[in-house]
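Colleague: coords_19.cif is reproduced below (mmCIF, C-alpha atoms and all ligand atoms).
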data_protein
#
loop_
_atom_site.label_atom_id
_atom_site.label_comp_id
_atom_site.auth_asym_id
_atom_site.auth_seq_id
_atom_site.Cartn_x
_atom_site.Cartn_y
_atom_site.Cartn_z
CA MET A 1 44.86 41.30 -58.14
CA SER A 2 46.96 44.33 -57.29
CA ALA A 3 50.70 43.67 -57.17
CA LEU A 4 50.55 44.99 -53.62
CA PHE A 5 48.83 41.79 -52.55
CA GLU A 6 51.14 39.42 -54.36
CA PRO A 7 53.53 37.33 -52.28
CA ALA A 8 57.23 38.15 -52.37
CA LYS A 9 60.52 37.21 -50.78
CA ILE A 10 62.81 39.24 -48.54
CA GLY A 11 66.04 37.28 -48.29
CA ASN A 12 64.72 33.81 -47.55
CA ILE A 13 61.50 35.06 -45.90
CA GLU A 14 58.30 34.49 -47.82
CA VAL A 15 55.83 37.30 -47.17
CA LYS A 16 52.20 37.24 -48.21
CA ASN A 17 52.12 40.77 -49.63
CA ARG A 18 54.15 43.96 -50.05
CA PHE A 19 53.09 45.65 -46.83
CA ILE A 20 55.50 46.14 -43.96
CA ARG A 21 54.67 47.59 -40.59
CA SER A 22 57.58 49.92 -39.91
CA ALA A 23 59.12 49.70 -36.42
CA THR A 24 56.92 51.42 -33.85
CA TYR A 25 57.81 51.97 -30.21
CA PHE A 26 54.71 51.83 -28.03
CA GLY A 27 56.30 51.79 -24.55
CA LEU A 28 54.55 48.53 -23.73
CA ALA A 29 57.50 46.66 -22.20
CA ASP A 30 57.95 46.61 -18.42
CA GLU A 31 60.51 48.85 -16.71
CA ASN A 32 63.20 46.22 -17.33
CA GLY A 33 62.46 46.02 -21.04
CA PHE A 34 60.65 42.67 -20.95
CA VAL A 35 57.82 42.20 -23.42
CA GLY A 36 54.61 40.73 -22.08
CA GLU A 37 50.98 40.27 -23.00
CA PRO A 38 50.31 43.87 -24.25
CA SER A 39 53.19 43.73 -26.77
CA VAL A 40 52.24 40.23 -27.92
CA LYS A 41 48.62 41.26 -28.38
CA LEU A 42 49.54 44.31 -30.44
CA ILE A 43 51.84 42.44 -32.81
CA LYS A 44 49.43 39.50 -33.11
CA THR A 45 46.60 41.89 -34.08
CA LEU A 46 48.71 43.23 -36.93
CA ALA A 47 49.52 39.70 -38.13
CA GLN A 48 45.85 38.72 -38.04
CA ASN A 49 45.06 41.78 -40.14
CA GLU A 50 47.15 40.85 -43.16
CA VAL A 51 50.34 42.85 -42.56
CA GLY A 52 52.92 40.95 -44.62
CA LEU A 53 55.95 41.69 -42.45
CA ILE A 54 55.88 43.24 -39.00
CA ILE A 55 58.94 45.00 -37.62
CA THR A 56 58.91 45.34 -33.83
CA GLY A 57 59.57 48.62 -32.04
CA ASN A 58 63.28 49.13 -31.49
CA ALA A 59 64.86 46.72 -28.99
CA TYR A 60 67.99 48.12 -27.35
CA VAL A 61 71.03 45.88 -27.59
CA LEU A 62 72.51 47.38 -24.41
CA LYS A 63 71.16 49.54 -21.58
CA SER A 64 73.82 52.13 -22.46
CA GLY A 65 71.89 52.69 -25.69
CA GLN A 66 68.46 53.32 -24.21
CA ARG A 67 66.62 56.56 -24.81
CA PHE A 68 62.99 55.86 -23.90
CA PRO A 69 61.54 54.06 -20.88
CA ASN A 70 59.46 50.88 -21.23
CA ALA A 71 61.18 50.08 -24.50
CA ASN A 72 62.09 46.53 -25.54
CA LEU A 73 65.50 45.32 -24.40
CA ILE A 74 67.41 42.39 -25.90
CA ASP A 75 70.62 42.69 -23.91
CA THR A 76 70.44 39.27 -22.17
CA ASP A 77 69.15 35.77 -22.95
CA ASP A 78 66.45 36.30 -20.29
CA HIS A 79 64.46 38.23 -22.89
CA ILE A 80 64.16 35.26 -25.25
CA PRO A 81 61.10 33.54 -23.69
CA GLY A 82 58.94 36.71 -23.78
CA PHE A 83 59.76 37.31 -27.43
CA LYS A 84 59.12 33.63 -28.23
CA LYS A 85 55.47 34.14 -27.32
CA MET A 86 55.37 37.07 -29.75
CA THR A 87 56.88 35.18 -32.67
CA GLN A 88 54.68 32.13 -32.05
CA SER A 89 51.52 34.23 -32.13
CA VAL A 90 52.59 35.86 -35.42
CA HIS A 91 53.47 32.56 -37.05
CA GLU A 92 50.15 31.06 -35.96
CA ALA A 93 48.50 33.88 -37.89
CA GLU A 94 50.76 33.11 -40.88
CA GLY A 95 52.58 36.41 -40.51
CA ARG A 96 56.27 37.23 -40.44
CA VAL A 97 58.06 39.25 -37.79
CA VAL A 98 61.48 40.87 -37.59
CA MET A 99 63.07 42.46 -34.54
CA GLN A 100 64.47 45.96 -34.89
CA ILE A 101 67.70 46.25 -32.90
CA GLY A 102 69.46 49.47 -32.05
CA HIS A 103 71.57 51.65 -29.77
CA ASN A 104 71.01 55.34 -29.33
CA GLY A 105 74.58 56.47 -28.52
CA VAL A 106 74.67 60.10 -27.45
CA GLN A 107 70.85 60.29 -27.65
CA SER A 108 70.49 57.67 -24.88
CA LYS A 109 68.62 59.93 -22.48
CA LEU A 110 67.51 57.18 -20.10
CA ALA A 111 71.03 55.76 -19.92
CA ALA A 112 72.42 59.23 -19.17
CA GLN A 113 69.86 59.90 -16.46
CA SER A 114 69.93 56.47 -14.83
CA GLY A 115 73.69 56.28 -14.34
CA GLU A 116 74.44 53.77 -17.12
CA ASP A 117 77.55 54.16 -19.21
CA TYR A 118 76.73 57.11 -21.51
CA LEU A 119 78.71 57.22 -24.74
CA ALA A 120 79.28 59.52 -27.71
CA VAL A 121 80.96 58.82 -31.04
CA SER A 122 82.72 62.20 -30.65
CA MET A 123 82.63 65.07 -28.18
CA THR A 124 81.17 67.69 -30.52
CA ASP A 125 80.00 71.14 -29.44
CA LYS A 126 76.39 70.10 -30.14
CA LEU A 127 75.87 67.41 -27.51
CA PRO A 128 72.35 66.99 -26.12
CA ASP A 129 71.79 68.17 -22.55
CA PHE A 130 70.67 65.20 -20.46
CA GLY A 131 72.24 66.58 -17.28
CA ARG A 132 75.48 64.68 -17.77
CA LYS A 133 78.32 64.68 -20.27
CA PRO A 134 78.90 61.52 -22.31
CA ARG A 135 82.26 59.79 -22.61
CA GLU A 136 83.90 59.45 -26.03
CA MET A 137 83.90 55.83 -27.19
CA GLN A 138 87.19 53.95 -27.05
CA GLU A 139 88.09 50.97 -29.25
CA ASP A 140 86.83 48.48 -26.64
CA ASP A 141 83.51 50.35 -26.25
CA ILE A 142 82.96 50.12 -30.01
CA ALA A 143 83.89 46.43 -30.07
CA ASN A 144 81.51 45.80 -27.16
CA ILE A 145 78.57 47.45 -28.92
CA ILE A 146 79.25 45.65 -32.20
CA ASP A 147 79.29 42.36 -30.31
CA ALA A 148 76.02 43.33 -28.56
CA PHE A 149 74.34 43.71 -31.97
CA GLY A 150 75.56 40.22 -32.87
CA GLN A 151 74.30 38.73 -29.60
CA ALA A 152 70.96 40.51 -30.02
CA ALA A 153 70.54 38.94 -33.47
CA ARG A 154 71.41 35.50 -32.10
CA ARG A 155 68.78 35.97 -29.37
CA ALA A 156 66.25 37.13 -31.97
CA ARG A 157 66.85 33.96 -33.97
CA GLU A 158 66.53 31.79 -30.86
CA ALA A 159 63.26 33.56 -30.05
CA GLY A 160 61.90 32.57 -33.47
CA PHE A 161 62.13 35.90 -35.31
CA ASP A 162 62.31 35.74 -39.10
CA GLY A 163 65.17 38.24 -39.16
CA VAL A 164 66.50 41.45 -37.66
CA GLN A 165 66.50 45.03 -38.79
CA ILE A 166 69.37 47.29 -37.73
CA HIS A 167 68.11 50.70 -36.65
CA GLY A 168 70.39 52.81 -38.80
CA ALA A 169 68.21 55.91 -39.04
CA HIS A 170 66.81 58.84 -37.04
CA GLY A 171 70.05 59.91 -35.39
CA TYR A 172 70.64 56.52 -33.70
CA LEU A 173 74.19 55.28 -33.17
CA VAL A 174 74.69 53.84 -36.67
CA ASP A 175 73.73 57.25 -37.98
CA GLN A 176 75.96 58.98 -35.47
CA PHE A 177 78.89 57.08 -36.96
CA LEU A 178 77.78 57.71 -40.55
CA SER A 179 77.18 61.41 -40.24
CA PRO A 180 80.04 63.92 -40.28
CA PHE A 181 77.78 66.08 -38.08
CA THR A 182 78.18 63.71 -35.13
CA ASN A 183 81.32 61.83 -36.15
CA LYS A 184 84.46 63.98 -35.83
CA ARG A 185 86.79 61.09 -35.08
CA THR A 186 90.24 61.04 -36.61
CA ASP A 187 90.87 57.30 -36.18
CA ARG A 188 89.69 54.42 -38.40
CA TRP A 189 86.04 55.09 -37.41
CA GLY A 190 85.88 58.69 -38.66
CA GLY A 191 86.81 61.01 -41.51
CA SER A 192 86.23 59.43 -44.94
CA LEU A 193 82.93 57.70 -45.72
CA LYS A 194 84.88 54.43 -45.83
CA ASN A 195 85.79 54.97 -42.18
CA ARG A 196 82.38 56.32 -41.09
CA LEU A 197 80.56 53.32 -42.51
CA ARG A 198 82.97 50.84 -40.94
CA PHE A 199 80.74 50.64 -37.83
CA VAL A 200 77.59 49.54 -39.67
CA LEU A 201 79.56 47.07 -41.78
CA GLU A 202 81.07 45.55 -38.63
CA VAL A 203 77.62 45.41 -37.00
CA THR A 204 76.29 43.52 -40.04
CA ARG A 205 79.22 41.09 -39.94
CA ALA A 206 78.66 40.48 -36.21
CA ILE A 207 74.99 39.71 -36.88
CA LYS A 208 75.90 37.23 -39.61
CA LYS A 209 78.59 35.65 -37.44
CA GLU A 210 76.43 35.21 -34.33
CA ALA A 211 73.01 34.52 -35.87
CA GLY A 212 74.18 32.73 -39.03
CA GLY A 213 74.83 33.84 -42.59
CA ASP A 214 71.36 32.67 -43.63
CA PHE A 215 69.55 34.77 -40.99
CA PRO A 216 67.93 37.73 -42.79
CA ALA A 217 69.48 41.06 -41.80
CA MET A 218 67.85 44.30 -42.90
CA ILE A 219 68.45 47.96 -42.15
CA LYS A 220 66.38 51.06 -41.71
CA LEU A 221 68.84 53.52 -43.15
CA GLY A 222 69.09 57.22 -42.57
CA CYS A 223 70.10 57.91 -46.15
CA LYS A 224 70.56 61.62 -45.68
CA ASP A 225 70.69 64.18 -42.88
CA TYR A 226 68.14 66.95 -42.97
CA PHE A 227 69.59 70.16 -41.59
CA ASP A 228 68.19 73.54 -42.38
CA ASP A 229 71.59 74.81 -43.40
CA GLY A 230 72.57 71.60 -45.27
CA GLY A 231 75.60 69.74 -43.91
CA GLY A 232 75.70 66.21 -42.53
CA LEU A 233 75.32 62.99 -44.50
CA THR A 234 74.54 63.48 -48.19
CA ILE A 235 72.31 61.23 -50.27
CA GLU A 236 75.32 60.28 -52.42
CA GLU A 237 76.97 58.95 -49.26
CA GLY A 238 73.72 57.28 -48.17
CA ALA A 239 73.47 55.51 -51.52
CA ARG A 240 77.09 54.34 -51.32
CA THR A 241 76.36 53.03 -47.83
CA ALA A 242 73.35 51.07 -49.10
CA LYS A 243 75.49 49.54 -51.83
CA ALA A 244 78.20 48.57 -49.36
CA LEU A 245 75.58 46.94 -47.13
CA GLU A 246 74.18 45.00 -50.06
CA GLY A 247 77.69 43.58 -50.43
CA GLU A 248 77.53 42.38 -46.80
CA GLY A 249 74.29 40.48 -47.39
CA ILE A 250 71.75 43.03 -46.16
CA CYS A 251 68.51 41.87 -47.80
CA LEU A 252 66.30 44.97 -47.41
CA VAL A 253 66.97 48.68 -47.04
CA GLU A 254 64.08 50.67 -45.59
CA ILE A 255 64.62 54.25 -46.58
CA SER A 256 64.36 56.95 -43.94
CA PHE A 257 66.15 60.03 -42.65
CA GLY A 258 69.28 60.48 -40.56
CA ASN A 259 69.91 63.34 -38.16
CA MET A 260 67.29 66.01 -38.41
CA ASP A 261 66.78 69.63 -37.53
CA PRO A 262 63.68 69.74 -35.27
CA LYS A 263 62.35 72.56 -37.46
CA LEU A 264 62.23 70.19 -40.41
CA ARG A 265 59.98 67.64 -38.74
CA LYS A 266 57.11 69.21 -40.60
CA ILE A 267 58.13 67.23 -43.68
CA PHE A 268 56.39 64.29 -42.03
CA MET A 269 53.17 66.08 -41.37
CA GLY A 270 49.92 66.98 -43.02
CA ILE A 271 49.93 64.21 -45.65
CA THR A 272 46.54 65.27 -47.00
CA SER A 273 46.91 64.59 -50.72
CA PRO A 274 48.64 62.02 -52.97
CA GLU A 275 51.25 64.60 -54.05
CA LYS A 276 52.50 64.82 -50.47
CA GLU A 277 52.96 61.07 -50.08
CA ALA A 278 56.19 59.06 -50.50
CA VAL A 279 58.30 61.68 -48.73
CA PHE A 280 61.60 59.89 -49.41
CA LEU A 281 60.98 59.01 -53.06
CA PRO A 282 64.02 61.02 -54.29
CA GLU A 283 66.21 59.10 -51.85
CA ALA A 284 64.76 55.76 -53.04
CA ARG A 285 65.56 56.72 -56.63
CA ALA A 286 69.13 57.63 -55.69
CA ILE A 287 69.67 54.26 -54.04
CA ARG A 288 67.99 52.37 -56.89
CA ALA A 289 70.40 54.05 -59.29
CA VAL A 290 73.46 52.52 -57.65
CA SER A 291 72.27 49.32 -55.99
CA SER A 292 69.92 46.44 -56.64
CA VAL A 293 69.24 45.85 -52.94
CA PRO A 294 65.49 45.41 -52.28
CA ILE A 295 63.93 48.62 -50.99
CA ALA A 296 61.06 49.48 -48.66
CA LEU A 297 59.76 53.02 -48.75
CA VAL A 298 58.43 54.53 -45.53
CA THR A 299 56.99 57.91 -44.52
CA GLY A 300 53.77 59.34 -45.79
CA MET A 301 52.52 56.33 -47.74
CA ARG A 302 48.75 56.66 -47.52
CA SER A 303 46.85 55.69 -50.69
CA LEU A 304 46.72 52.58 -52.86
CA PRO A 305 47.10 54.21 -56.31
CA VAL A 306 50.32 55.92 -55.17
CA MET A 307 51.65 52.65 -53.77
CA GLU A 308 50.71 50.71 -56.90
CA GLU A 309 52.46 53.25 -59.08
CA LEU A 310 55.61 53.07 -56.95
CA ILE A 311 55.73 49.28 -56.97
CA GLY A 312 54.80 49.17 -60.67
CA SER A 313 57.56 51.61 -61.62
CA GLY A 314 60.06 49.44 -59.76
CA VAL A 315 61.40 52.24 -57.55
CA THR A 316 60.45 50.32 -54.41
CA ASP A 317 59.69 46.69 -53.65
CA PHE A 318 57.77 47.12 -50.41
CA ILE A 319 55.55 49.72 -48.75
CA SER A 320 56.16 50.46 -45.07
CA LEU A 321 53.59 52.04 -42.81
CA CYS A 322 53.74 53.19 -39.23
CA ARG A 323 51.20 55.84 -38.23
CA PRO A 324 48.40 54.52 -40.48
CA LEU A 325 48.58 51.23 -38.56
CA ILE A 326 48.45 53.04 -35.22
CA ARG A 327 45.16 54.56 -36.29
CA GLU A 328 43.85 51.53 -38.19
CA PRO A 329 45.52 48.24 -37.23
CA ASP A 330 43.14 46.54 -39.69
CA LEU A 331 44.04 48.81 -42.63
CA ILE A 332 45.63 46.17 -44.88
CA LYS A 333 42.69 43.80 -44.34
CA ARG A 334 40.27 46.63 -45.12
CA TRP A 335 42.10 47.32 -48.39
CA LYS A 336 42.25 43.63 -49.27
CA GLU A 337 38.52 43.29 -48.71
CA GLY A 338 37.80 46.09 -51.16
CA ASP A 339 37.45 49.26 -49.07
CA THR A 340 40.20 51.09 -50.92
CA ARG A 341 39.84 54.51 -49.37
CA PRO A 342 43.20 55.95 -48.30
CA ALA A 343 44.49 55.45 -44.78
CA ASP A 344 42.66 57.61 -42.28
CA CYS A 345 45.98 58.90 -40.97
CA ILE A 346 46.98 62.27 -42.36
CA SER A 347 50.10 62.56 -40.17
CA CYS A 348 48.58 65.35 -38.16
CA PRO A 349 51.01 67.94 -36.91
CA ASP A 350 51.96 68.25 -33.29
CA PRO A 351 51.97 72.00 -32.76
CA SER A 352 53.88 71.70 -29.49
CA HIS A 353 56.71 69.81 -31.22
CA ALA A 354 57.06 68.05 -27.88
CA ALA A 355 57.23 64.84 -29.85
CA PRO A 356 58.12 64.41 -33.50
CA TYR A 357 54.78 62.97 -34.51
CA GLY A 358 51.19 64.00 -33.86
CA CYS A 359 50.05 60.57 -32.70
CA PHE A 360 51.91 60.44 -29.42
CA ASN A 361 53.18 62.59 -26.65
CA LEU A 362 55.58 61.98 -23.80
CA ASP A 363 54.36 61.89 -20.20
CA GLU A 364 56.26 63.35 -17.24
CA ASN A 365 58.50 60.25 -17.12
CA GLY A 366 59.35 60.54 -20.79
CA LYS A 367 57.13 57.54 -21.53
CA ILE A 368 55.26 57.54 -24.81
CA VAL A 369 51.49 57.95 -24.66
CA ILE A 370 49.80 57.04 -27.92
CA PHE A 371 46.79 58.98 -28.98
CA CYS A 372 45.42 59.92 -32.35
CA ARG A 373 43.77 63.21 -33.13
CA GLN A 374 42.65 62.65 -36.67
CA LEU A 375 38.90 62.23 -37.21
CA ARG A 376 37.86 59.49 -39.59
CA ARG A 377 37.92 60.73 -43.16
CA LYS A 378 34.56 59.31 -44.17
CA GLY A 379 35.50 58.40 -47.72
CA ASN A 380 36.95 61.76 -48.63
CA PRO A 381 40.18 61.06 -50.55
CA GLU A 382 41.56 64.36 -49.29
C1 LIG A 401 54.76 56.21 -32.11
C2 LIG A 401 55.92 56.03 -33.03
C3 LIG A 401 56.96 55.20 -32.65
C4 LIG A 401 58.03 54.98 -33.54
N1 LIG A 401 59.02 54.09 -33.18
C5 LIG A 401 60.02 53.81 -34.06
C6 LIG A 401 61.00 52.81 -33.75
O1 LIG A 401 60.98 52.15 -32.70
N2 LIG A 401 61.96 52.59 -34.68
C7 LIG A 401 61.99 53.26 -35.89
O2 LIG A 401 62.88 53.00 -36.71
N3 LIG A 401 61.08 54.20 -36.19
C8 LIG A 401 60.09 54.47 -35.32
N4 LIG A 401 59.12 55.38 -35.66
C9 LIG A 401 59.14 55.97 -37.02
C10 LIG A 401 58.26 55.15 -37.98
O3 LIG A 401 58.68 53.80 -38.09
C11 LIG A 401 58.22 55.75 -39.40
O4 LIG A 401 59.54 55.77 -39.91
C12 LIG A 401 57.63 57.16 -39.42
O5 LIG A 401 56.50 57.25 -38.57
C13 LIG A 401 57.22 57.55 -40.84
O6 LIG A 401 56.31 56.63 -41.40
P1 LIG A 401 54.71 56.91 -41.45
O7 LIG A 401 54.49 58.15 -42.25
O8 LIG A 401 54.11 55.68 -42.09
O9 LIG A 401 54.24 57.07 -40.03
C14 LIG A 401 58.06 55.64 -34.79
C15 LIG A 401 57.01 56.50 -35.15
C16 LIG A 401 55.94 56.70 -34.28
C17 LIG A 401 54.81 57.58 -34.70
#
Show me, as structure tokens, the structure contained in the file I just sent.
Ligand SMILES: Cc1cc2nc3c(=O)[nH]c(=O)nc-3n(C[C@H](O)[C@H](O)[C@H](O)COP(=O)(O)O)c2cc1C

Modeller:
Amino acid sequence: MSALFEPAKIGNIEVKNRFIRSATYFGLADENGFVGEPSVKLIKTLAQNEVGLIITGNAYVLKSGQRFPNANLIDTDDHIPGFKKMTQSVHEAEGRVVMQIGHNGVQSKLAAQSGEDYLAVSMTDKLPDFGRKPREMQEDDIANIIDAFGQAARRAREAGFDGVQIHGAHGYLVDQFLSPFTNKRTDRWGGSLKNRLRFVLEVTRAIKKEAGGDFPAMIKLGCKDYFDDGGGLTIEEGARTAKALEGEGICLVEISFGNMDPKLRKIFMGITSPEKEAVFLPEARAIRAVSSVPIALVTGMRSLPVMEELIGSGVTDFISLCRPLIREPDLIKRWKEGDTRPADCISCPDPSHAAPYGCFNLDENGKIVIFCRQLRRKGNPE
């Protein structure tokens, strides 16, 4: 059998195969961030269809970190019972499920517009325009957010999750601290890489303290910023960050991007041939070269031979998929049962660039509306 379908371990979690569903926000929570039947049904469907490890859409650890409406919140214990139903349904299907936890810092559009505390790592001249200026974080703000990550992990454990994943990619707060583009601080949280990565190290320690040292903690890491004119976090710094996190007991690094120039979003799109897959392979190699932390590769993974080659060569341990599982929630089962055609999803471009991916758009309230334009490929490997 293909190595892709062999069981493996992530920290102390036993997973049935090498496939991970990368965190995907669907906007299915209610307006107060509570998950209900629609979220449970979605996650359960993935578990019943052979996804080895499911990572939930990002759950905000505080309302001050919220960008999108109808997103999962995990800022109080009241959210535990709803999530319990989700974890129970996954475990009944012999799946594994991890909660992604995050804070969006200066990108917290909903927080800015709804009068919540709205915070920036630094007051740079490139702040987003959400109709209100953020406030620069003080020591107690930073301590409060770090503690909120710890409490969120404790709640995730109490709700029956198999672990947590820190959202440390895509210009979220962890990234905002890591990147010299957004972090211009001159205190112990800014300047050298040692100072810029202090925040994510402290977040990891808070998770271990509150949820227990044995509770698996993972990260989706923005290993590098992608700006047209260069600048921002370099891959050398991203790799050093991954190594430092390995030292703190992080048991899986999912490799993704940090801050990004909107113009460069096209690197995610039009994955129509094997050569275009594995978008962040160079970044995976750079991390592999300095650290033995288990790796999951996400973005543009679409066909089995490419995945087998990547696992076989040892450059990654797991394959993460997001958009292919929006289009085909039963994709892994289909592959397991012998229909080995590539994923239908070709990451179709969104010409409006209203949203970073072609499979959703935002409605007038900023709420995500999932759709999928791609016609079924009918066996054509292209
Ligand atoms: C609808 C949608 C929602 C997403 N939500 C999240 C999220 O909550 N957290 C996250 O880290 N990434 C999120 N992503 C990014 C994906 O997890 C993934 O990194 C990206 O789509 C590239 O992988 P793919 O080529 O397999 O789609 C989202 C992507 C899409 C299309």

Colleague: Mind listing whatever residues come within 10 Å of the point (63.1, 34.3, -25.1)? Use all atoms listed in the file, file coordinates, and give them as a PyMOL selection string.

Modeller: chain A and resi 34-35+74+76-87+155-160

Colleague: At a cut-off of 12 Å around the point (55.6, 37.6, -48.1) (file coordinates), what residues fall inside when counting all atoms listed in the file? I'd like the answer as number ranges by chain.

Modeller: A: 3-20, 47, 50-54, 94-97, 162, 317-318

Colleague: Point out the residue among A:Met123, A:Ile326, A:Val253, A:Asp261 with the least atom-to-atom distance to Asp229 in chain A, counting only C-alpha atoms.

Modeller: A:Asp261

Colleague: Write as an MDAnalysis selection string the residues around ligand LIG 401 (chain A), taking 8 Å as the cut-off and counting all atoms listed in the file.

Modeller: chainID A and resid 21:26 56:59 100 167:170 220 256 268 298:302 320:326 347 356:360 368 370

Colleague: Closest to Lys336 in chain A among A:Asn365, A:Ser89, A:Ser2, A:Thr234, using only C-alpha atoms?

Modeller: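 Result for the nearest residue to Lys336 in chain A: A:Ser2.
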